[in-house]
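K.L.:
Starting off with a structure, shown below.
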Amino acid sequence: TVEMLYEKDVTTNYMKNKKVAFIGYGAQGHAQANNLRDSGVDVIIGIRPGKSFDKAKKDGFEVYSVAEAAKKADWVQMLTPDEVMSDVYKAEVADNLEAGNVLGFSHGFNAYYKEIVAPKDVDVVMMAPKGPGNLCRRTYMEGSGVPALYATYQDASGHAEDLAKEFAKANGAARVGLLKTTFKEETDEDLFGEQNVLMGGITSLIETGFEVLTEAGYSPELAFFEVDHEMKLICDLIYEGGFAKMYNDCSNTSEYGSYTRGPRVINSESKEAMKRNLKEIQDGTFAKEFMDEYRGGFKKLYKYRAEMEKSELQKVGDELRTKMPFVSKADKYSD
Ligand code: NDP
Ligand code: MG
Ligand code: MG
């Protein structure tokens, strides 16, 4: 079990007088920069010219090139997409870090897989909100927040962990709870979750269910409602009260069918596949493959994306969603 820390538990003030540069002003950069500014932290933005640059200017920040911002700041918070981060770091950040500076992340990927290796005299920390950026910003403004993980990768100052906690507190996260982790644990778990359950698992399950029904002659529209649309309703019940609440709100027929048929689908073979995926995360195989894919121009990523967008499930769903305006009004989170 991990101890949860709250505002009263974060009492140090090592961040005082530290200027924080946010590198990137997207989902997390936008949320964290605004939250920290509202908490009284001296914030600047470092970004390439473009959409984010203009937005940060409009929001009233001092905006610089990445190199200039990194030079001016005491704390450089890396919030570009993970795959471009090490290129940005090498080209514009590395030479502008000074002894005693802090290099911050919101995901462990680049430090853990050694895409970014910071100088020894710099603290390397993480504050990873357990929620999308716009939710972090909205809840902060409402007086609450999104829980966050904090971790230390390199402690040059002797108080790197306190700095990570203070940063999380300024982001509003200590209002609802901070959890200590390591770069390894956060990265392994994050990648495992998205690959096997949250995204990879759920999309494969939905897609395969849709194929089986439509190949057996059932109508795509009904199949869509059955295996895709209803997923949210079931997930909401699990979110609210676990499997117990979900089963309690569903029929005995469905509950019995679930216990007896579900394990035929997700079985020991699926478990072995998950273990293999975990191993490829732990030994760096996945990270290497992904970074090679990025450096090769994301050829496979774009091909898979195009196939997904053209798929019958996506088309049928898009058509039916236009007739359900309440669906498109649902809160949109970007991640
Ligand atoms: P986004 O894609 O939303 O934003 C990326 C930002 O980086 C944009 O402002 C973009 O600007 C800028 N950028 C892109 N390429 C470059 C470049 N070459 N040089 C300078 N700036 C660049 O990223 P996220 O906020 O989603 O992710 C940031 C970090 O936060 C990642 O480590 C991620 O894993 C982590 N994280 C994200 C969460 C989320 O809510 N999305 C949740 C928890 C962690 P431009 O407009 O010019 O493209
Ligand atoms: Mg992730
Ligand atoms: Mg049913």
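Lettering and numbering for the structure tokens are positional, with chains as A, B, ... in the shown order, residues counted from 1 in each chain, and ligands counted from 1 in the shown order.
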Write as a CSV table (one decimal) with N, CA and C atoms, in the first residue's frame the residues around ligand 3, taking 12 Å as the cut-off and counting only C-alpha atoms and all ligand atoms.
P.N.:
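result36.csv, freshly written:
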chain,number,residue,atom,x,y,z
A,222,LEU,N,-26.9,-2.7,-35.1
A,222,LEU,CA,-27.1,-3.4,-33.8
A,222,LEU,C,-25.8,-3.8,-33.1
A,223,ALA,N,-24.9,-4.3,-33.9
A,223,ALA,CA,-23.6,-4.7,-33.4
A,223,ALA,C,-22.9,-3.6,-32.7
A,224,PHE,N,-23.0,-2.4,-33.4
A,224,PHE,CA,-22.3,-1.2,-32.8
A,224,PHE,C,-22.9,-0.9,-31.4
A,225,PHE,N,-24.3,-0.9,-31.3
A,225,PHE,CA,-24.9,-0.6,-30.0
A,225,PHE,C,-24.5,-1.6,-29.0
A,226,GLU,N,-24.4,-2.9,-29.4
A,226,GLU,CA,-24.2,-3.9,-28.4
A,226,GLU,C,-22.8,-3.9,-27.9
A,227,VAL,N,-21.8,-3.8,-28.8
A,227,VAL,CA,-20.4,-4.0,-28.3
A,227,VAL,C,-19.6,-2.7,-28.2
A,228,ASP,N,-20.1,-1.6,-28.6
A,228,ASP,CA,-19.3,-0.4,-28.6
A,228,ASP,C,-20.0,0.7,-27.7
A,229,HIS,N,-21.2,1.1,-28.1
A,229,HIS,CA,-21.9,2.1,-27.5
A,229,HIS,C,-22.2,1.8,-26.0
A,230,GLU,N,-22.6,0.6,-25.7
A,230,GLU,CA,-23.0,0.2,-24.3
A,230,GLU,C,-21.8,0.1,-23.4
A,231,MET,N,-20.6,0.1,-24.0
A,231,MET,CA,-19.3,-0.1,-23.2
A,231,MET,C,-19.3,1.0,-22.1
A,233,LEU,N,-21.7,2.6,-20.6
A,233,LEU,CA,-22.6,2.4,-19.5
A,233,LEU,C,-22.1,1.4,-18.5
A,234,ILE,N,-21.5,0.3,-19.0
A,234,ILE,CA,-21.0,-0.7,-18.2
A,234,ILE,C,-19.8,-0.1,-17.4
A,250,CYS,N,-27.3,-5.2,-13.5
A,250,CYS,CA,-27.6,-6.0,-14.7
A,250,CYS,C,-28.3,-7.3,-14.4
A,251,SER,N,-28.8,-8.0,-15.4
A,251,SER,CA,-29.6,-9.2,-15.1
A,251,SER,C,-28.8,-10.4,-14.7
A,252,ASN,N,-29.5,-11.3,-14.0
A,252,ASN,CA,-28.8,-12.6,-13.6
A,252,ASN,C,-28.3,-13.3,-14.9
A,253,THR,N,-29.1,-13.2,-15.9
A,253,THR,CA,-28.7,-13.9,-17.2
A,253,THR,C,-27.3,-13.4,-17.6
A,254,SER,N,-27.2,-12.0,-17.6
A,254,SER,CA,-25.9,-11.5,-18.1
A,254,SER,C,-24.8,-11.8,-17.1
A,255,GLU,N,-25.1,-11.8,-15.8
A,255,GLU,CA,-24.1,-12.0,-14.8
A,255,GLU,C,-23.5,-13.4,-15.0
A,257,GLY,N,-23.7,-15.4,-17.6
A,257,GLY,CA,-23.0,-15.5,-18.9
A,257,GLY,C,-21.6,-14.9,-18.8
A,258,SER,N,-21.5,-13.8,-18.1
A,258,SER,CA,-20.2,-13.1,-17.9
A,258,SER,C,-19.2,-14.0,-17.2
K.L.:
Can you list every residue of segment 149-201 of chain A that has an atom at most 10 Å from segment 129-144 of chain A, with its nearest atom pair and the distance in Å to one decimal, using only C-alpha atoms, ordered by chain then number, as JSON lines?
P.N.:
{"residue": "A:Leu149", "atom": "CA", "partner": "A:Pro129", "partner_atom": "CA", "distance": 6.3}
{"residue": "A:Tyr150", "atom": "CA", "partner": "A:Pro129", "partner_atom": "CA", "distance": 8.7}
{"residue": "A:Ala168", "atom": "CA", "partner": "A:Pro129", "partner_atom": "CA", "distance": 8.2}
{"residue": "A:Ala170", "atom": "CA", "partner": "A:Tyr140", "partner_atom": "CA", "distance": 9.7}
{"residue": "A:Asn171", "atom": "CA", "partner": "A:Tyr140", "partner_atom": "CA", "distance": 7.4}
{"residue": "A:Gly172", "atom": "CA", "partner": "A:Tyr140", "partner_atom": "CA", "distance": 5.6}
{"residue": "A:Ala173", "atom": "CA", "partner": "A:Pro129", "partner_atom": "CA", "distance": 7.4}
{"residue": "A:Ala174", "atom": "CA", "partner": "A:Ser144", "partner_atom": "CA", "distance": 9.0}
{"residue": "A:Arg175", "atom": "CA", "partner": "A:Ser144", "partner_atom": "CA", "distance": 6.0}
{"residue": "A:Val176", "atom": "CA", "partner": "A:Ser144", "partner_atom": "CA", "distance": 6.9}
{"residue": "A:Leu178", "atom": "CA", "partner": "A:Pro129", "partner_atom": "CA", "distance": 9.2}
K.L.:
Please check which protein, DNA or RNA residues sit within 6 Å of ligand 1, counting only C-alpha atoms and all ligand atoms, and write them as a list in words.
P.N.:
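Based on only C-alpha atoms and all ligand atoms, ligand 1 is surrounded within 6 Å by Gly24, Tyr25, Gly26, Ala27, Gln28, Gly29, Ile47, Arg48, Gly50, Lys51, Ser52, Leu79, Thr80, Pro81, Asp82, Val84, Val88, Ser106, His107, Ala128, Pro129, Gly131, Pro132, Gly133, Ser334 and Asp335 of chain A.
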K.L.:
Just C-alpha atoms for this one: save the residues we selected as a PDB file, in the first residue's frame.
P.N.:
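So part20.pdb came out as:
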ATOM      1  CA  GLY A  24       5.291  22.738 -24.493  1.00  0.00           C
ATOM      2  CA  TYR A  25       1.876  24.282 -24.011  1.00  0.00           C
ATOM      3  CA  GLY A  26      -0.468  21.421 -24.925  1.00  0.00           C
ATOM      4  CA  ALA A  27      -2.781  19.335 -22.758  1.00  0.00           C
ATOM      5  CA  GLN A  28      -0.457  19.221 -19.730  1.00  0.00           C
ATOM      6  CA  GLY A  29       1.642  22.317 -20.406  1.00  0.00           C
ATOM      7  CA  ILE A  47       7.825  26.693 -27.272  1.00  0.00           C
ATOM      8  CA  ARG A  48       8.414  26.640 -31.021  1.00  0.00           C
ATOM      9  CA  GLY A  50       2.918  27.967 -33.887  1.00  0.00           C
ATOM     10  CA  LYS A  51      -0.464  27.314 -32.375  1.00  0.00           C
ATOM     11  CA  SER A  52       0.714  26.674 -28.822  1.00  0.00           C
ATOM     12  CA  LEU A  79       5.863  18.715 -21.669  1.00  0.00           C
ATOM     13  CA  THR A  80       6.258  18.125 -25.382  1.00  0.00           C
ATOM     14  CA  PRO A  81       5.027  14.806 -26.828  1.00  0.00           C
ATOM     15  CA  ASP A  82       7.223  12.033 -25.391  1.00  0.00           C
ATOM     16  CA  VAL A  84      10.070  14.469 -29.629  1.00  0.00           C
ATOM     17  CA  VAL A  88      14.144  19.035 -28.128  1.00  0.00           C
ATOM     18  CA  SER A 106       5.036  14.239 -16.218  1.00  0.00           C
ATOM     19  CA  HIS A 107       5.820  10.776 -17.558  1.00  0.00           C
ATOM     20  CA  ALA A 128       2.334  12.891 -13.221  1.00  0.00           C
ATOM     21  CA  PRO A 129      -1.316  13.879 -12.888  1.00  0.00           C
ATOM     22  CA  GLY A 131      -5.951  12.606 -15.475  1.00  0.00           C
ATOM     23  CA  PRO A 132      -6.051  14.578 -18.705  1.00  0.00           C
ATOM     24  CA  GLY A 133      -4.881  18.189 -18.837  1.00  0.00           C
ATOM     25  CA  SER A 334      -7.564  14.859 -24.653  1.00  0.00           C
ATOM     26  CA  ASP A 335      -4.712  12.499 -23.894  1.00  0.00           C
TER      27      ASP A 335
END
K.L.:
So which residues touch Asp87 of chain A within 12 Å, counting only C-alpha atoms, skipping near sequence neighbours fewer than 2 positions away, as a PDB file with C-alpha atoms, in the first residue's frame?
P.N.:
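What ended up in part-v1.pdb:
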ATOM      1  CA  VAL A  66      12.733  26.581 -25.851  1.00  0.00           C
ATOM      2  CA  MET A  78       9.388  18.924 -20.228  1.00  0.00           C
ATOM      3  CA  THR A  80       6.258  18.125 -25.382  1.00  0.00           C
ATOM      4  CA  PRO A  81       5.027  14.806 -26.828  1.00  0.00           C
ATOM      5  CA  ASP A  82       7.223  12.033 -25.391  1.00  0.00           C
ATOM      6  CA  GLU A  83       8.718  11.008 -28.744  1.00  0.00           C
ATOM      7  CA  VAL A  84      10.070  14.469 -29.629  1.00  0.00           C
ATOM      8  CA  MET A  85      11.277  15.253 -26.116  1.00  0.00           C
ATOM      9  CA  TYR A  89      16.209  18.377 -25.000  1.00  0.00           C
ATOM     10  CA  LYS A  90      19.446  17.747 -26.888  1.00  0.00           C
ATOM     11  CA  ALA A  91      19.018  20.682 -29.252  1.00  0.00           C
ATOM     12  CA  GLU A  92      17.769  23.359 -26.860  1.00  0.00           C
ATOM     13  CA  VAL A  93      17.693  22.345 -23.203  1.00  0.00           C
ATOM     14  CA  ALA A  94      20.859  20.389 -22.361  1.00  0.00           C
ATOM     15  CA  ASN A 110      12.452   9.606 -21.490  1.00  0.00           C
ATOM     16  CA  GLU A 115      16.546   8.967 -24.131  1.00  0.00           C
ATOM     17  CA  ILE A 116      17.343  11.942 -21.906  1.00  0.00           C
ATOM     18  CA  VAL A 117      20.331  11.787 -19.582  1.00  0.00           C
ATOM     19  CA  MET A 291      11.273   5.559 -30.965  1.00  0.00           C
ATOM     20  CA  TYR A 294       8.928   7.894 -34.717  1.00  0.00           C
ATOM     21  CA  ARG A 295      12.387   8.476 -36.218  1.00  0.00           C
TER      22      ARG A 295
END
K.L.:
Could you give me, as a list in words, every polymer residue with an atom at most 7 Å away from an atom of ligand 2, counting only C-alpha atoms and all ligand atoms?
P.N.:
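After applying the 7 Å limit, what remains is Asp190, Leu191 and Glu194 of chain A.
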K.L.:
Please return as a PDB file with C-alpha atoms, in the first residue's frame: the residues of segment 13-150 of chain A that backbone DSSP assigns to helix (DSSP H, G or I).
P.N.:
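Output below, filename part.pdb:
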ATOM      1  CA  ALA A  27      -2.781  19.335 -22.758  1.00  0.00           C
ATOM      2  CA  GLN A  28      -0.457  19.221 -19.730  1.00  0.00           C
ATOM      3  CA  GLY A  29       1.642  22.317 -20.406  1.00  0.00           C
ATOM      4  CA  HIS A  30      -1.406  24.532 -20.586  1.00  0.00           C
ATOM      5  CA  ALA A  31      -2.963  23.069 -17.434  1.00  0.00           C
ATOM      6  CA  GLN A  32       0.188  22.992 -15.312  1.00  0.00           C
ATOM      7  CA  ALA A  33       1.407  26.457 -16.361  1.00  0.00           C
ATOM      8  CA  ASN A  34      -1.926  28.066 -15.506  1.00  0.00           C
ATOM      9  CA  ASN A  35      -2.336  26.150 -12.244  1.00  0.00           C
ATOM     10  CA  LEU A  36       1.180  26.994 -11.048  1.00  0.00           C
ATOM     11  CA  ARG A  37       0.793  30.647 -12.016  1.00  0.00           C
ATOM     12  CA  ASP A  38      -2.460  30.823 -10.052  1.00  0.00           C
ATOM     13  CA  LYS A  51      -0.464  27.314 -32.375  1.00  0.00           C
ATOM     14  CA  SER A  52       0.714  26.674 -28.822  1.00  0.00           C
ATOM     15  CA  PHE A  53       3.023  29.690 -28.918  1.00  0.00           C
ATOM     16  CA  ASP A  54       0.136  31.972 -29.876  1.00  0.00           C
ATOM     17  CA  LYS A  55      -2.143  30.458 -27.252  1.00  0.00           C
ATOM     18  CA  ALA A  56       0.395  30.927 -24.456  1.00  0.00           C
ATOM     19  CA  LYS A  57       0.887  34.568 -25.496  1.00  0.00           C
ATOM     20  CA  LYS A  58      -2.866  35.120 -25.539  1.00  0.00           C
ATOM     21  CA  VAL A  66      12.733  26.581 -25.851  1.00  0.00           C
ATOM     22  CA  ALA A  67      16.434  27.459 -25.507  1.00  0.00           C
ATOM     23  CA  GLU A  68      15.784  30.938 -24.112  1.00  0.00           C
ATOM     24  CA  ALA A  69      13.215  29.712 -21.631  1.00  0.00           C
ATOM     25  CA  ALA A  70      15.479  26.892 -20.466  1.00  0.00           C
ATOM     26  CA  LYS A  71      18.278  29.414 -19.967  1.00  0.00           C
ATOM     27  CA  LYS A  72      16.152  31.817 -17.922  1.00  0.00           C
ATOM     28  CA  ASP A  82       7.223  12.033 -25.391  1.00  0.00           C
ATOM     29  CA  GLU A  83       8.718  11.008 -28.744  1.00  0.00           C
ATOM     30  CA  VAL A  84      10.070  14.469 -29.629  1.00  0.00           C
ATOM     31  CA  MET A  85      11.277  15.253 -26.116  1.00  0.00           C
ATOM     32  CA  SER A  86      14.833  13.949 -26.407  1.00  0.00           C
ATOM     33  CA  ASP A  87      15.432  15.806 -29.693  1.00  0.00           C
ATOM     34  CA  VAL A  88      14.144  19.035 -28.128  1.00  0.00           C
ATOM     35  CA  TYR A  89      16.209  18.377 -25.000  1.00  0.00           C
ATOM     36  CA  LYS A  90      19.446  17.747 -26.888  1.00  0.00           C
ATOM     37  CA  ALA A  91      19.018  20.682 -29.252  1.00  0.00           C
ATOM     38  CA  GLU A  92      17.769  23.359 -26.860  1.00  0.00           C
ATOM     39  CA  VAL A  93      17.693  22.345 -23.203  1.00  0.00           C
ATOM     40  CA  ALA A  94      20.859  20.389 -22.361  1.00  0.00           C
ATOM     41  CA  ASP A  95      23.283  23.299 -22.820  1.00  0.00           C
ATOM     42  CA  ASN A  96      21.061  25.642 -20.817  1.00  0.00           C
ATOM     43  CA  PHE A 109       9.505   7.452 -20.404  1.00  0.00           C
ATOM     44  CA  ASN A 110      12.452   9.606 -21.490  1.00  0.00           C
ATOM     45  CA  ALA A 111      14.497   9.424 -18.294  1.00  0.00           C
ATOM     46  CA  TYR A 112      13.764   5.741 -17.640  1.00  0.00           C
ATOM     47  CA  GLY A 133      -4.881  18.189 -18.837  1.00  0.00           C
ATOM     48  CA  ASN A 134      -8.193  19.959 -19.198  1.00  0.00           C
ATOM     49  CA  LEU A 135      -9.595  18.048 -16.234  1.00  0.00           C
ATOM     50  CA  CYS A 136      -6.533  19.125 -14.183  1.00  0.00           C
ATOM     51  CA  ARG A 137      -7.202  22.744 -15.086  1.00  0.00           C
ATOM     52  CA  ARG A 138     -10.965  22.641 -14.567  1.00  0.00           C
ATOM     53  CA  THR A 139     -10.797  20.901 -11.191  1.00  0.00           C
ATOM     54  CA  TYR A 140      -8.048  23.298 -10.041  1.00  0.00           C
ATOM     55  CA  MET A 141     -10.298  26.260 -10.823  1.00  0.00           C
TER      56      MET A 141
END
K.L.:
In Å, how far is it from atom CA of Pro220 of chain A to atom CA of Asp318 of chain A?
P.N.:
12.2 Å
K.L.:
Show which residues sit within 8 Å of Ala73 of chain A, as a PyMOL selection string. Count only C-alpha atoms, and ignore same-chain residues fewer than 5 positions away.
P.N.:
chain A and resi 18-21+44
